[in-house]
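What follows is a short report on a single structure.
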Amino acid sequence: MLLDIRPHEGLNTLLFGTTRPEAEAAFGAAEETESIESGDGNYKTEVWHYWEKGFSIFFDENVNYKFTCAEIDNPDAQLWGERIFDMNEEEIIGLFKRKGFKEIDREVHEWGERRLSFDDALVDLYFENNKLVSVNYGILSDDGDNKIVIFPN
């Protein structure tokens with residue numbers, strides 16, 4: 001399955017803000033689901049894992065369990081028509097810059113994984129041994145009392 005990573009929009013034809021039934025219509029039943037709750041209990045998310053297809057999608061309780069985030073580890077996934085998992089970090093930075101995203105943040109986690117973030121695109125890319133291993137992206141939200149969420153549609 002070809003996965004089209006669409007920052008600020010969604011995954012393939014599934015737009016951020018769509019419902020769980022719409023996601024199931026687009027991708028079929030998930031192989032596994034799990035519920036994640038923040039330590040303070042203020043944030044709950046339902047995650048649908050499609051292990052064989054190489055992605056997971058997230059539904060946030062604060063917006064009536066609508067699609068808010070995707071995590072991709074499928075090596076065939078594309079971003080703006082480019083096979084992003086075939087690129088090195090500098091090529092990825094160049095791709096984002098050509099698309100107008102310039103807010104870059106980097107962090108090395110204590111377990112060795114490196115994160116490259118484009119805050120203006122709401123995209124985090126994770127590297128192990130200088131190779132891209134996953135892309136996580138979503139929509140802008142406020143985890144405070146206002147629960148502001150910006151959907152593309």
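Letters for chains follow the order of the structure tokens (A, B, ...), residue numbers begin at 1 for each chain, and ligand numbers begin at 1 in the order shown.
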Each segment 31-112 of chain A residue no farther than 10 Å from segment 129-142 of chain A, nearest pair in Å, only C-alpha atoms, as a Markdown table:
```
| residue | atom | partner | partner_atom | distance |
| --- | --- | --- | --- | --- |
| A:Gly54 | CA | A:Ser134 | CA | 9.5 |
| A:Phe55 | CA | A:Ser134 | CA | 9.1 |
| A:Ser56 | CA | A:Asn136 | CA | 9.4 |
| A:Ile57 | CA | A:Gly138 | CA | 9.6 |
| A:Phe58 | CA | A:Gly138 | CA | 9.0 |
| A:Asn62 | CA | A:Ser141 | CA | 9.7 |
| A:Val63 | CA | A:Ser141 | CA | 9.8 |
| A:Phe67 | CA | A:Gly138 | CA | 8.8 |
| A:Thr68 | CA | A:Gly138 | CA | 5.5 |
| A:Cys69 | CA | A:Gly138 | CA | 4.0 |
| A:Ala70 | CA | A:Tyr137 | CA | 5.6 |
| A:Glu71 | CA | A:Asn136 | CA | 4.3 |
| A:Ile72 | CA | A:Val135 | CA | 5.1 |
| A:Asp73 | CA | A:Ser134 | CA | 4.5 |
| A:Asn74 | CA | A:Ser134 | CA | 7.9 |
| A:Pro75 | CA | A:Val133 | CA | 8.1 |
| A:Ala77 | CA | A:Val135 | CA | 9.6 |
| A:Ile84 | CA | A:Leu132 | CA | 8.1 |
| A:Phe85 | CA | A:Leu132 | CA | 5.7 |
| A:Asp86 | CA | A:Leu132 | CA | 8.1 |
| A:Met87 | CA | A:Leu132 | CA | 7.8 |
| A:Asn88 | CA | A:Lys131 | CA | 6.8 |
| A:Glu89 | CA | A:Asn130 | CA | 7.6 |
| A:Ile92 | CA | A:Leu132 | CA | 9.6 |
| A:Gly112 | CA | A:Asn129 | CA | 8.5 |
```
Please save N, CA and C atoms of the selected residues as an mmCIF file, in the first residue's frame.
```
data_model
loop_
_atom_site.group_PDB
_atom_site.id
_atom_site.type_symbol
_atom_site.label_atom_id
_atom_site.label_comp_id
_atom_site.auth_asym_id
_atom_site.auth_seq_id
_atom_site.Cartn_x
_atom_site.Cartn_y
_atom_site.Cartn_z
ATOM 1 N N GLY A 54 2.400 -0.659 7.841
ATOM 2 C CA GLY A 54 3.457 0.250 8.275
ATOM 3 C C GLY A 54 3.011 1.608 8.761
ATOM 4 N N PHE A 55 1.853 1.671 9.448
ATOM 5 C CA PHE A 55 1.437 2.960 10.008
ATOM 6 C C PHE A 55 0.474 2.771 11.165
ATOM 7 N N SER A 56 0.333 3.836 11.932
ATOM 8 C CA SER A 56 -0.642 3.916 13.020
ATOM 9 C C SER A 56 -1.330 5.268 12.908
ATOM 10 N N ILE A 57 -2.615 5.305 13.281
ATOM 11 C CA ILE A 57 -3.351 6.571 13.287
ATOM 12 C C ILE A 57 -3.966 6.783 14.663
ATOM 13 N N PHE A 58 -4.090 8.045 15.045
ATOM 14 C CA PHE A 58 -4.480 8.436 16.391
ATOM 15 C C PHE A 58 -5.779 9.233 16.359
ATOM 16 N N ASN A 62 -10.421 14.440 23.095
ATOM 17 C CA ASN A 62 -10.793 15.843 23.300
ATOM 18 C C ASN A 62 -11.519 16.461 22.116
ATOM 19 N N VAL A 63 -11.471 15.800 20.963
ATOM 20 C CA VAL A 63 -12.203 16.276 19.785
ATOM 21 C C VAL A 63 -13.102 15.156 19.262
ATOM 22 N N PHE A 67 -9.585 11.922 13.872
ATOM 23 C CA PHE A 67 -8.225 11.645 13.415
ATOM 24 C C PHE A 67 -7.360 12.891 13.584
ATOM 25 N N THR A 68 -6.285 12.764 14.405
ATOM 26 C CA THR A 68 -5.452 13.926 14.712
ATOM 27 C C THR A 68 -3.969 13.721 14.437
ATOM 28 N N CYS A 69 -3.524 12.484 14.230
ATOM 29 C CA CYS A 69 -2.088 12.244 14.114
ATOM 30 C C CYS A 69 -1.839 10.925 13.382
ATOM 31 N N ALA A 70 -0.697 10.842 12.711
ATOM 32 C CA ALA A 70 -0.293 9.603 12.045
ATOM 33 C C ALA A 70 1.183 9.351 12.325
ATOM 34 N N GLU A 71 1.517 8.090 12.448
ATOM 35 C CA GLU A 71 2.905 7.674 12.582
ATOM 36 C C GLU A 71 3.185 6.653 11.490
ATOM 37 N N ILE A 72 4.208 6.903 10.704
ATOM 38 C CA ILE A 72 4.507 6.096 9.530
ATOM 39 C C ILE A 72 5.893 5.476 9.677
ATOM 40 N N ASP A 73 5.991 4.168 9.424
ATOM 41 C CA ASP A 73 7.310 3.545 9.342
ATOM 42 C C ASP A 73 7.433 2.656 8.102
ATOM 43 N N ASN A 74 6.538 2.837 7.168
ATOM 44 C CA ASN A 74 6.554 2.103 5.908
ATOM 45 C C ASN A 74 7.638 2.699 5.005
ATOM 46 N N PRO A 75 8.654 1.909 4.631
ATOM 47 C CA PRO A 75 9.766 2.452 3.846
ATOM 48 C C PRO A 75 9.372 2.928 2.445
ATOM 49 N N ALA A 77 6.695 4.843 1.907
ATOM 50 C CA ALA A 77 5.861 6.039 2.055
ATOM 51 C C ALA A 77 6.467 7.220 1.301
ATOM 52 N N ILE A 84 10.570 9.363 1.053
ATOM 53 C CA ILE A 84 11.308 10.012 2.141
ATOM 54 C C ILE A 84 12.238 9.060 2.900
ATOM 55 N N PHE A 85 11.877 7.785 2.995
ATOM 56 C CA PHE A 85 12.717 6.844 3.735
ATOM 57 C C PHE A 85 13.999 6.486 2.972
ATOM 58 N N ASP A 86 14.076 6.868 1.707
ATOM 59 C CA ASP A 86 15.293 6.674 0.920
ATOM 60 C C ASP A 86 16.242 7.855 1.055
ATOM 61 N N MET A 87 15.829 8.914 1.732
ATOM 62 C CA MET A 87 16.623 10.144 1.838
ATOM 63 C C MET A 87 17.434 10.165 3.126
ATOM 64 N N ASN A 88 18.561 10.896 3.076
ATOM 65 C CA ASN A 88 19.313 11.138 4.299
ATOM 66 C C ASN A 88 18.788 12.434 4.936
ATOM 67 N N GLU A 89 19.312 12.765 6.088
ATOM 68 C CA GLU A 89 18.802 13.917 6.838
ATOM 69 C C GLU A 89 18.923 15.223 6.060
ATOM 70 N N ILE A 92 16.301 15.428 3.361
ATOM 71 C CA ILE A 92 14.984 15.690 3.950
ATOM 72 C C ILE A 92 14.852 17.166 4.312
ATOM 73 N N GLY A 112 19.402 6.979 22.182
ATOM 74 C CA GLY A 112 20.170 7.032 20.953
ATOM 75 C C GLY A 112 19.408 7.458 19.714
#
```
>> Could you pull out the strand (DSSP E or B) residues of chain A, going by DSSP on the backbone, and write them as number ranges by chain?
In response: A: 4-6, 10-11, 14-15, 32-37, 44-50, 55-60, 66-72, 78-79, 82-83, 104-108, 114-118, 123-128, 131-138, 141, 149
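The shortest atom-to-atom distance to Leu3 of chain A, with only C-alpha atoms taken into account, belongs to A:Gly81 out of A:Pro21, A:Gly81, A:Gly94, A:Gly100.
Residues in contact range of Thr33 of chain A, defined as at most 9 Å between only C-alpha atoms, with sequence neighbours fewer than 5 positions away removed, read Glu46, Val47, Trp48 and His49 of chain A.
The residues of segment 20-117 of chain A that DSSP assigns to alpha helix (DSSP H) on this backbone come out as A:Arg20, A:Pro21, A:Glu22, A:Ala23, A:Glu24, A:Ala25, A:Ala26, A:Phe27, A:Glu89, A:Glu90, A:Glu91, A:Ile92, A:Ile93, A:Gly94, A:Leu95, A:Phe96, A:Lys97, A:Arg98.
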Please produce an output containing N, CA, C and O atoms for each residue in the selection, written as an mmCIF file, in the first residue's frame.
```cif
data_model
loop_
_atom_site.group_PDB
_atom_site.id
_atom_site.type_symbol
_atom_site.label_atom_id
_atom_site.label_comp_id
_atom_site.auth_asym_id
_atom_site.auth_seq_id
_atom_site.Cartn_x
_atom_site.Cartn_y
_atom_site.Cartn_z
ATOM 1 N N ARG A 20 -13.663 7.802 13.150
ATOM 2 C CA ARG A 20 -13.183 6.421 13.130
ATOM 3 C C ARG A 20 -13.880 5.586 12.051
ATOM 4 O O ARG A 20 -13.199 4.840 11.344
ATOM 5 N N PRO A 21 -15.206 5.703 11.872
ATOM 6 C CA PRO A 21 -15.820 4.938 10.769
ATOM 7 C C PRO A 21 -15.265 5.327 9.393
ATOM 8 O O PRO A 21 -15.088 4.461 8.527
ATOM 9 N N GLU A 22 -14.956 6.605 9.202
ATOM 10 C CA GLU A 22 -14.369 7.031 7.930
ATOM 11 C C GLU A 22 -12.962 6.448 7.758
ATOM 12 O O GLU A 22 -12.573 6.055 6.650
ATOM 13 N N ALA A 23 -12.212 6.365 8.849
ATOM 14 C CA ALA A 23 -10.875 5.768 8.790
ATOM 15 C C ALA A 23 -10.960 4.278 8.466
ATOM 16 O O ALA A 23 -10.180 3.768 7.656
ATOM 17 N N GLU A 24 -11.919 3.611 9.070
ATOM 18 C CA GLU A 24 -12.077 2.185 8.781
ATOM 19 C C GLU A 24 -12.501 1.966 7.332
ATOM 20 O O GLU A 24 -12.051 1.018 6.680
ATOM 21 N N ALA A 25 -13.322 2.845 6.801
ATOM 22 C CA ALA A 25 -13.712 2.745 5.393
ATOM 23 C C ALA A 25 -12.500 2.947 4.480
ATOM 24 O O ALA A 25 -12.388 2.308 3.440
ATOM 25 N N ALA A 26 -11.578 3.817 4.885
ATOM 26 C CA ALA A 26 -10.407 4.114 4.067
ATOM 27 C C ALA A 26 -9.340 3.026 4.143
ATOM 28 O O ALA A 26 -8.724 2.684 3.134
ATOM 29 N N PHE A 27 -9.112 2.470 5.340
ATOM 30 C CA PHE A 27 -7.983 1.563 5.540
ATOM 31 C C PHE A 27 -8.364 0.158 5.988
ATOM 32 O O PHE A 27 -7.506 -0.702 6.112
ATOM 33 N N GLU A 89 19.312 12.765 6.088
ATOM 34 C CA GLU A 89 18.802 13.917 6.838
ATOM 35 C C GLU A 89 18.923 15.223 6.060
ATOM 36 O O GLU A 89 17.987 16.023 6.030
ATOM 37 N N GLU A 90 20.037 15.445 5.410
ATOM 38 C CA GLU A 90 20.226 16.691 4.664
ATOM 39 C C GLU A 90 19.275 16.778 3.475
ATOM 40 O O GLU A 90 18.765 17.856 3.156
ATOM 41 N N GLU A 91 19.006 15.665 2.812
ATOM 42 C CA GLU A 91 18.054 15.666 1.697
ATOM 43 C C GLU A 91 16.644 15.971 2.192
ATOM 44 O O GLU A 91 15.887 16.693 1.542
ATOM 45 N N ILE A 92 16.301 15.428 3.361
ATOM 46 C CA ILE A 92 14.984 15.690 3.950
ATOM 47 C C ILE A 92 14.852 17.166 4.312
ATOM 48 O O ILE A 92 13.838 17.803 4.032
ATOM 49 N N ILE A 93 15.896 17.730 4.908
ATOM 50 C CA ILE A 93 15.878 19.154 5.249
ATOM 51 C C ILE A 93 15.690 19.989 3.990
ATOM 52 O O ILE A 93 14.883 20.924 3.965
ATOM 53 N N GLY A 94 16.388 19.637 2.931
ATOM 54 C CA GLY A 94 16.248 20.355 1.666
ATOM 55 C C GLY A 94 14.834 20.272 1.118
ATOM 56 O O GLY A 94 14.292 21.269 0.617
ATOM 57 N N LEU A 95 14.213 19.089 1.214
ATOM 58 C CA LEU A 95 12.835 18.913 0.742
ATOM 59 C C LEU A 95 11.887 19.819 1.516
ATOM 60 O O LEU A 95 11.062 20.517 0.920
ATOM 61 N N PHE A 96 12.006 19.829 2.838
ATOM 62 C CA PHE A 96 11.129 20.683 3.653
ATOM 63 C C PHE A 96 11.357 22.163 3.339
ATOM 64 O O PHE A 96 10.406 22.933 3.232
ATOM 65 N N LYS A 97 12.610 22.554 3.182
ATOM 66 C CA LYS A 97 12.900 23.960 2.873
ATOM 67 C C LYS A 97 12.298 24.362 1.531
ATOM 68 O O LYS A 97 11.771 25.459 1.394
ATOM 69 N N ARG A 98 12.385 23.457 0.539
ATOM 70 C CA ARG A 98 11.794 23.765 -0.778
ATOM 71 C C ARG A 98 10.286 23.941 -0.683
ATOM 72 O O ARG A 98 9.684 24.662 -1.474
#
```
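Of the residues under consideration (A:Asp120, A:Glu52, A:Gly17, A:Tyr43), A:Glu52 shows the shortest atom-to-atom contact distance to Ala29 of chain A when counting only C-alpha atoms.
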>> Using Å and a single decimal, report how far atom CA of Lys66 of chain A sits from atom CA of Arg106 of chain A.
In response: 29.0 Å
> Can you tell me, as a PyMOL selection string, what residues are no more than 12 Å from Glu107 of chain A when counting only C-alpha atoms, ignoring any on the same chain fewer than 5 positions away?
Replying inline: chain A and resi 112-118+124-127
Same residues, N, CA, C and O atoms, saved as an mmCIF file, in the first residue's frame:
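Saved the output as result-v8.cif:
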```cif
data_model
loop_
_atom_site.group_PDB
_atom_site.id
_atom_site.type_symbol
_atom_site.label_atom_id
_atom_site.label_comp_id
_atom_site.auth_asym_id
_atom_site.auth_seq_id
_atom_site.Cartn_x
_atom_site.Cartn_y
_atom_site.Cartn_z
ATOM 1 N N GLY A 112 19.402 6.979 22.182
ATOM 2 C CA GLY A 112 20.170 7.032 20.953
ATOM 3 C C GLY A 112 19.408 7.458 19.714
ATOM 4 O O GLY A 112 20.020 7.815 18.703
ATOM 5 N N GLU A 113 18.098 7.428 19.758
ATOM 6 C CA GLU A 113 17.304 7.858 18.608
ATOM 7 C C GLU A 113 17.424 9.374 18.459
ATOM 8 O O GLU A 113 17.462 10.098 19.442
ATOM 9 N N ARG A 114 17.504 9.841 17.223
ATOM 10 C CA ARG A 114 17.620 11.268 16.952
ATOM 11 C C ARG A 114 16.321 11.767 16.330
ATOM 12 O O ARG A 114 15.762 11.121 15.445
ATOM 13 N N ARG A 115 15.854 12.923 16.804
ATOM 14 C CA ARG A 115 14.622 13.517 16.288
ATOM 15 C C ARG A 115 14.956 14.786 15.528
ATOM 16 O O ARG A 115 15.704 15.639 16.000
ATOM 17 N N LEU A 116 14.365 14.896 14.354
ATOM 18 C CA LEU A 116 14.426 16.105 13.544
ATOM 19 C C LEU A 116 12.995 16.590 13.414
ATOM 20 O O LEU A 116 12.133 15.839 12.958
ATOM 21 N N SER A 117 12.721 17.817 13.845
ATOM 22 C CA SER A 117 11.356 18.340 13.824
ATOM 23 C C SER A 117 11.264 19.587 12.967
ATOM 24 O O SER A 117 12.166 20.426 12.962
ATOM 25 N N PHE A 118 10.152 19.691 12.268
ATOM 26 C CA PHE A 118 9.782 20.894 11.542
ATOM 27 C C PHE A 118 8.498 21.377 12.190
ATOM 28 O O PHE A 118 7.408 20.908 11.862
ATOM 29 N N ASP A 124 7.593 15.349 12.976
ATOM 30 C CA ASP A 124 8.788 14.847 13.655
ATOM 31 C C ASP A 124 9.293 13.640 12.882
ATOM 32 O O ASP A 124 8.514 12.745 12.542
ATOM 33 N N LEU A 125 10.592 13.616 12.624
ATOM 34 C CA LEU A 125 11.216 12.498 11.927
ATOM 35 C C LEU A 125 12.240 11.872 12.870
ATOM 36 O O LEU A 125 13.022 12.595 13.499
ATOM 37 N N TYR A 126 12.254 10.557 12.969
ATOM 38 C CA TYR A 126 13.131 9.857 13.896
ATOM 39 C C TYR A 126 14.141 9.010 13.140
ATOM 40 O O TYR A 126 13.788 8.292 12.200
ATOM 41 N N PHE A 127 15.404 9.109 13.581
ATOM 42 C CA PHE A 127 16.512 8.428 12.928
ATOM 43 C C PHE A 127 17.206 7.502 13.916
ATOM 44 O O PHE A 127 17.385 7.854 15.083
#
```
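Coordinates place atom CA of Thr45 of chain A at a distance of 17.8 Å from atom CA of Leu11 of chain A.
Between Ala121 of chain A and the candidates A:Tyr65, A:Arg6, A:Arg83, A:Asp60, the tightest atom-to-atom separation, counting only C-alpha atoms, involves A:Arg6.
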> Which residue gives the smallest distance to Trp111 of chain A among A:Glu9, A:Asn42, A:Glu128, A:Lys99, with only C-alpha atoms counted?
Replying inline: A:Glu128
